[in-house]
Amino acid sequence: MKDISWTLASCAQLSILLEVSSPKPGNVNRLRRFSDTGYRHFLASASLMGRGLHLAATRGIQLANSEIQGREIGIGELILESSEDVFGGLNQSNTILGTILLYIPVVVATSAALSENKKLNIDDLQKWIKIILDSTSVEDTLNVYRAFHLANPSGARNKEEQTWTDIHDRYDIDNPRVLQNIRKDDLTLKKLFLLSADVEPISKEWSEYFQLTLRETYPYLDTHANSLENLEEGIVRTFTWLLSRQPDGLIIKKAGFEKAQEIQHLAEDVMKVSHDESSTEDLLDELDSILRSDGNTLNPGTTADMVSVAILLKLVSMTFNEI
């Protein structure tokens, strides 16, 4: 039997590298960069996240073996420690905050599921995710906000949308009293993500126990890639498909919902001709140009983060579900 903690951590680091290396429209890859962020920053982030991933996997094994209870996992602590490793010292560029927020609970849950049944099973995985997220505490929330402040997410959130309310202001990262508000309101991480699910796709994914990732995005990637040889093509296709399914959260944050919806419609146009390789290539090139035309404010970062989790699950399946 493979060492679950180290193997899972390695799969997670590789999935981050594969995601950024693939030529997805509008994002950094091995051939394209932004003015303030390049490929090397993502390479550094993937490498520096190793300790946090291994620790998360170890906690999952302890959970499955009843050595710790759900409330003792410390999801917020794991997210904070991973952020300290990734964003402090050598690499101070905020490259993968969304990835950290998604990966940590998934790695804990995947490790628990593998410890229990030795193979990746989506029903088992979602069962453990539910246990983990339902067990979050106020301290988890405080640690996640400490990670937010450490990573210093770029781009002022567009708060003019009708979905943005006083309650969102109360827990806004820029609110100087946010930590006091969290303590006063006894706000667990699960409650926070339920409250913000309508304005943040990553929060929505947490609040729905990763339903979109586990039941739709990963199966879509799994259908379109069966090995490392064709995984890159599958990643680009899955990224475009997911972008066509919902407006990207980072675009909403920086440019507003209407602009994010425009980009979604362009991705829908690509998917309509996905059976025709030459037409798809032309439309992907056009989409890439549009997404890079305004100082990279239209890069679909949340979509990339969510696809990255699907890549992780694909690698785990390829590694552990051997016949």
# chains A, B, ... in the order shown; residues from 1 in each chain; ligands from 1
>>> select_by_dssp(residues="segment 10-142 of chain A", states="alpha helix (DSSP H)", output="ChimeraX atom specification")
/A:10-21,39-48,50-64,75-87,97-117,122-134,138-142
>>> residues_around(residues="segment 135-143 of chain A", least_positions_apart="2", cutoff="9 Å", atoms="only C-alpha atoms", output="PyMOL selection string")
chain A and resi 69-80+130-133+145-148+179+182-183+186-192
>>> residues_around(residues="Asn29 of chain A", least_positions_apart="4", cutoff="6 Å", atoms="only C-alpha atoms", output="PDB file with N, CA and C atoms, in the first residue's frame")
ATOM      1  N   VAL A  20      -1.339  25.085 -13.906  1.00  0.00           N
ATOM      2  CA  VAL A  20      -0.744  26.335 -14.366  1.00  0.00           C
ATOM      3  C   VAL A  20       0.012  26.137 -15.674  1.00  0.00           C
ATOM      4  N   SER A  21       0.515  24.945 -15.927  1.00  0.00           N
ATOM      5  CA  SER A  21       1.285  24.699 -17.151  1.00  0.00           C
ATOM      6  C   SER A  21       0.398  24.625 -18.388  1.00  0.00           C
ATOM      7  N   PRO A  23      -2.216  25.605 -21.242  1.00  0.00           N
ATOM      8  CA  PRO A  23      -2.480  26.907 -21.886  1.00  0.00           C
ATOM      9  C   PRO A  23      -3.957  27.295 -21.867  1.00  0.00           C
ATOM     10  N   TYR A  39       5.073  32.464 -14.410  1.00  0.00           N
ATOM     11  CA  TYR A  39       5.052  31.008 -14.220  1.00  0.00           C
ATOM     12  C   TYR A  39       5.874  30.595 -13.003  1.00  0.00           C
TER      13      TYR A  39
END
>>> closest_residue(among="A:Ser279, A:Ser93, A:Ser10, A:Ser82", to="Phe42 of chain A", atoms="only C-alpha atoms")
A:Ser93
>>> residues_around(residues="Asp288 of chain A", least_positions_apart="5", cutoff="8 Å", atoms="only C-alpha atoms", output="PDB file with C-alpha atoms, in the first residue's frame")
ATOM      1  CA  LYS A  24      -5.883  27.931 -20.524  1.00  0.00           C
ATOM      2  CA  PRO A  25      -7.241  31.177 -22.026  1.00  0.00           C
ATOM      3  CA  GLY A  26      -6.564  34.296 -19.997  1.00  0.00           C
TER       4      GLY A  26
END
>>> closest_residue(among="A:Ile122, A:Ile100, A:Leu315, A:Leu8", to="Gln211 of chain A", atoms="only C-alpha atoms")
A:Ile122
>>> atom_distance(atom1="atom CA of Ile202 of chain A", atom2="atom CA of Asp169 of chain A")
17.9 Å
>>> closest_atom_pairs(of="segment 161-253 of chain A", to="segment 14-17 of chain A", cutoff="12 Å", atoms="only C-alpha atoms", output="CSV")
residue,atom,partner,partner_atom,distance
A:Leu228,CA,A:Ser15,CA,11.0
A:Leu231,CA,A:Ser15,CA,10.5
A:Glu232,CA,A:Ser15,CA,10.9
A:Ile235,CA,A:Ser15,CA,10.4
>>> atom_distance(atom1="atom CA of Glu205 of chain A", atom2="atom CA of Leu43 of chain A")
25.6 Å
>>> closest_residue(among="A:Ala225, A:Gly295, A:Tyr220, A:Asn181", to="Arg33 of chain A", atoms="only C-alpha atoms")
A:Gly295
>>> closest_residue(among="A:Thr110, A:Thr95, A:Thr217, A:Ser207", to="Ser5 of chain A", atoms="only C-alpha atoms")
A:Thr110
>>> closest_residue(among="A:Lys314, A:Lys254, A:Lys259, A:Arg177", to="Thr297 of chain A", atoms="only C-alpha atoms")
A:Lys254
>>> closest_residue(among="A:Leu214, A:Ala44, A:Phe87, A:Leu287", to="Ser244 of chain A", atoms="only C-alpha atoms")
A:Leu287
>>> residues_around(residues="Gln261 of chain A", least_positions_apart="2", cutoff="10 Å", atoms="only C-alpha atoms", output="ChimeraX atom specification")
/A:243-244,246-248,251-252,256-259,263-267
>>> write_last_selection(atoms="N, CA and C atoms", output="short mmCIF file (atom, residue, chain, number, x, y, z; two decimals), in the first residue's frame")
data_model
loop_
_atom_site.label_atom_id
_atom_site.label_comp_id
_atom_site.auth_asym_id
_atom_site.auth_seq_id
_atom_site.Cartn_x
_atom_site.Cartn_y
_atom_site.Cartn_z
N LEU A 243 -16.04 27.40 -17.38
CA LEU A 243 -16.23 28.84 -17.59
C LEU A 243 -17.55 29.10 -18.31
N SER A 244 -17.98 28.17 -19.14
CA SER A 244 -19.26 28.31 -19.85
C SER A 244 -20.45 27.99 -18.94
N GLN A 246 -20.70 28.86 -15.53
CA GLN A 246 -21.00 29.89 -14.53
C GLN A 246 -20.01 31.04 -14.66
N PRO A 247 -20.43 32.26 -14.30
CA PRO A 247 -19.50 33.40 -14.33
C PRO A 247 -18.35 33.17 -13.35
N ASP A 248 -17.17 33.59 -13.76
CA ASP A 248 -15.99 33.38 -12.91
C ASP A 248 -15.98 34.33 -11.72
N ILE A 251 -13.41 37.33 -11.88
CA ILE A 251 -13.87 38.37 -12.81
C ILE A 251 -14.99 39.18 -12.20
N ILE A 252 -15.91 38.50 -11.51
CA ILE A 252 -16.99 39.22 -10.80
C ILE A 252 -16.38 40.20 -9.81
N GLY A 256 -17.12 42.98 -12.15
CA GLY A 256 -18.57 42.99 -12.02
C GLY A 256 -19.23 41.80 -12.69
N PHE A 257 -20.46 41.55 -12.29
CA PHE A 257 -21.18 40.36 -12.75
C PHE A 257 -21.46 40.40 -14.25
N GLU A 258 -21.84 41.56 -14.77
CA GLU A 258 -22.19 41.65 -16.19
C GLU A 258 -21.01 41.27 -17.08
N LYS A 259 -19.84 41.78 -16.74
CA LYS A 259 -18.64 41.44 -17.53
C LYS A 259 -18.32 39.96 -17.41
N ILE A 263 -18.12 37.02 -20.50
CA ILE A 263 -17.06 36.03 -20.70
C ILE A 263 -17.65 34.62 -20.70
N GLN A 264 -18.61 34.38 -19.83
CA GLN A 264 -19.28 33.08 -19.81
C GLN A 264 -19.90 32.78 -21.17
N HIS A 265 -20.55 33.77 -21.77
CA HIS A 265 -21.19 33.56 -23.07
C HIS A 265 -20.15 33.26 -24.17
N LEU A 266 -18.99 33.91 -24.08
CA LEU A 266 -17.92 33.62 -25.05
C LEU A 266 -17.43 32.18 -24.90
N ALA A 267 -17.33 31.71 -23.66
CA ALA A 267 -16.94 30.32 -23.43
C ALA A 267 -18.01 29.36 -23.95
#
